[in-house]
Amino acid sequence: MVIAHSFRDAAISRQIVQAIEEGWPAVPAKCREGYDEILFRAPDLVIVQLRRQNLCGCLAHRHMLVTEAPFAEQHEAFGSAAVGEMDIAYQRVEKWLALPLTDTAFDTKFLEGSRLKEFRAEQFRLKLLSIILHETNHLVFPHESEASVRERSLAFYREALADYVEHALATLSLTIDRSFSRFG
Ligand SMILES: [Zn+2]
């Protein structure tokens, strides 16, 4: 994957890199398995154009044609590699409630544990990951219905987030137990 971004969005770009390099291997195997076939058929090179906003207000789009200049024409360096492209409007992603009820319930849990900031950062990276998978799904199977593509990407997000919360809460109670034991 290649992330095309402006200089001022370098920090967000690093979050995407972290989501792909660290977040993806860390999600439960059953979450990754849902995308086995899609990733197997995915273009060799996927360009992500990072934007702040989209005029249409969408979170992301897949592009039928590659528009990012260095990749728009076939280069010898790429050989016969297939190239796909998508854009992501990250300020929309930050505000997007993927699963309003679940997200709010988790927010409350971490607010009590004062780990809300950490939770929100992980949640943002999982949203990015689910969007990248969603758009890749569209690139690979252009005729699959939006409902079906969405169901798969939301299932990924729901299960990956639940797994993160479960592990984070386990360490949270451990921290509380330790701090109490200091008074013991
Ligand atoms: Zn879609």
# chains A, B, ... in the order shown; residues from 1 in each chain; ligands from 1
call {"tool": "residues_around", "arguments": {"residues": "stretch 80-88 of chain A", "least_positions_apart": "6", "cutoff": "8 Å", "atoms": "only C-alpha atoms", "output": "MDAnalysis selection string"}}
result
chainID A and resid 43:52 59:67 71 135 139
call {"tool": "write_last_selection", "arguments": {"atoms": "C-alpha atoms", "output": "mmCIF file, in the first residue's frame"}}
result
data_model
loop_
_atom_site.group_PDB
_atom_site.id
_atom_site.type_symbol
_atom_site.label_atom_id
_atom_site.label_comp_id
_atom_site.auth_asym_id
_atom_site.auth_seq_id
_atom_site.Cartn_x
_atom_site.Cartn_y
_atom_site.Cartn_z
ATOM 1 C CA PRO A 43 -4.317 -5.439 -6.678
ATOM 2 C CA ASP A 44 -0.571 -5.804 -6.043
ATOM 3 C CA LEU A 45 -0.330 -2.112 -5.291
ATOM 4 C CA VAL A 46 -3.088 -0.079 -3.630
ATOM 5 C CA ILE A 47 -2.841 3.700 -3.472
ATOM 6 C CA VAL A 48 -4.655 5.476 -0.636
ATOM 7 C CA GLN A 49 -5.223 9.178 -1.266
ATOM 8 C CA LEU A 50 -5.557 10.745 2.152
ATOM 9 C CA ARG A 51 -7.896 13.750 2.235
ATOM 10 C CA ARG A 52 -9.333 15.861 5.020
ATOM 11 C CA LEU A 59 -15.973 8.513 4.131
ATOM 12 C CA ALA A 60 -14.114 6.956 1.244
ATOM 13 C CA HIS A 61 -14.373 5.874 -2.409
ATOM 14 C CA ARG A 62 -12.754 3.346 -4.623
ATOM 15 C CA HIS A 63 -11.478 4.761 -7.913
ATOM 16 C CA MET A 64 -12.208 3.047 -11.190
ATOM 17 C CA LEU A 65 -9.076 4.621 -12.630
ATOM 18 C CA VAL A 66 -5.830 5.403 -10.861
ATOM 19 C CA THR A 67 -5.417 9.202 -10.683
ATOM 20 C CA PHE A 71 0.984 5.656 -10.564
ATOM 21 C CA GLU A 135 -12.942 -0.322 -0.426
ATOM 22 C CA LEU A 139 -12.120 -3.051 -5.991
#
call {"tool": "select_by_dssp", "arguments": {"residues": "stretch 45-80 of chain A", "states": "strand (DSSP E)", "output": "PyMOL selection string"}}
result
chain A and resi 45-51+60-63
call {"tool": "select_by_dssp", "arguments": {"residues": "stretch 111-142 of chain A", "states": "alpha helix (DSSP H)", "output": "compact mmCIF listing (two decimals) with C-alpha atoms, in the first residue's frame"}}
result
# COMPACT_ATOMS: atom_id res chain seq x y z
CA LEU A 111 -14.35 6.97 30.61
CA GLU A 112 -14.74 5.31 33.99
CA LEU A 116 -10.76 6.98 26.87
CA LYS A 117 -8.02 8.67 24.83
CA GLU A 118 -6.20 5.39 24.24
CA PHE A 119 -9.48 3.69 23.34
CA ARG A 120 -10.45 6.44 20.87
CA ALA A 121 -7.05 6.17 19.11
CA GLU A 122 -7.40 2.42 18.70
CA GLN A 123 -10.99 2.82 17.59
CA PHE A 124 -9.90 5.34 14.93
CA ARG A 125 -7.29 2.92 13.59
CA LEU A 126 -9.83 0.08 13.47
CA LYS A 127 -12.27 2.32 11.59
CA LEU A 128 -9.53 3.14 9.08
CA LEU A 129 -8.73 -0.53 8.71
CA SER A 130 -12.37 -1.48 8.16
CA ILE A 131 -12.71 1.27 5.52
CA ILE A 132 -9.58 0.14 3.67
CA LEU A 133 -10.91 -3.43 3.69
CA HIS A 134 -14.35 -2.21 2.56
CA GLU A 135 -12.94 -0.32 -0.43
CA THR A 136 -10.58 -3.16 -1.30
CA ASN A 137 -13.60 -5.46 -1.30
CA HIS A 138 -15.27 -3.11 -3.85
CA LEU A 139 -12.12 -3.05 -5.99
CA VAL A 140 -11.94 -6.84 -6.07
call {"tool": "closest_residue", "arguments": {"among": "A:Val165, A:Leu154, A:Ala10, A:Ile20", "to": "A:Phe110", "atoms": "only C-alpha atoms"}}
result
A:Val165
call {"tool": "closest_residue", "arguments": {"among": "A:Cys58, A:Ala160, A:Leu97, A:Ala105", "to": "ligand 1", "atoms": "only C-alpha atoms and all ligand atoms"}}
result
A:Cys58
call {"tool": "residues_around", "arguments": {"residues": "A:Arg14", "least_positions_apart": "5", "cutoff": "12 Å", "atoms": "only C-alpha atoms", "output": "PyMOL selection string"}}
result
chain A and resi 2-5+7-9+19-22+50+125+128
call {"tool": "write_last_selection", "arguments": {"atoms": "C-alpha atoms", "output": "tab-separated table (two decimals), in the first residue's frame"}}
result
chain	number	residue	atom	x	y	z
A	2	VAL	CA	1.11	3.51	-0.78
A	3	ILE	CA	-0.35	6.43	1.14
A	4	ALA	CA	-0.47	9.71	-0.76
A	5	HIS	CA	-0.89	12.62	1.63
A	7	PHE	CA	2.88	17.22	4.36
A	8	ARG	CA	0.51	18.48	7.08
A	9	ASP	CA	-1.29	15.12	7.26
A	19	ALA	CA	-3.31	0.26	11.55
A	20	ILE	CA	-2.01	-1.87	8.69
A	21	GLU	CA	1.31	-3.00	10.14
A	22	GLU	CA	0.33	-3.50	13.79
A	50	LEU	CA	-5.56	10.74	2.15
A	125	ARG	CA	-7.29	2.92	13.59
A	128	LEU	CA	-9.53	3.14	9.08
call {"tool": "atom_distance", "arguments": {"atom1": "atom CA of A:Arg41", "atom2": "atom CA of A:Glu73"}}
result
21.3 Å
call {"tool": "residues_around", "arguments": {"residues": "A:Lys30", "least_positions_apart": "6", "cutoff": "12 Å", "atoms": "only C-alpha atoms", "output": "list in words"}}
result
Trp24, Asp36, Ala155, Phe156, Tyr157, Glu159, Ala160 and Asp163 of chain A
call {"tool": "atom_distance", "arguments": {"atom1": "atom CA of A:Pro25", "atom2": "atom CA of A:Thr171"}}
result
19.9 Å
call {"tool": "closest_residue", "arguments": {"among": "A:Leu161, A:Ala147, A:Ala69, A:Ala170", "to": "ligand 1", "atoms": "only C-alpha atoms and all ligand atoms"}}
result
A:Ala147
call {"tool": "closest_residue", "arguments": {"among": "A:Arg32, A:Arg152, A:Arg158, A:His167", "to": "A:Leu101", "atoms": "only C-alpha atoms"}}
result
A:Arg158
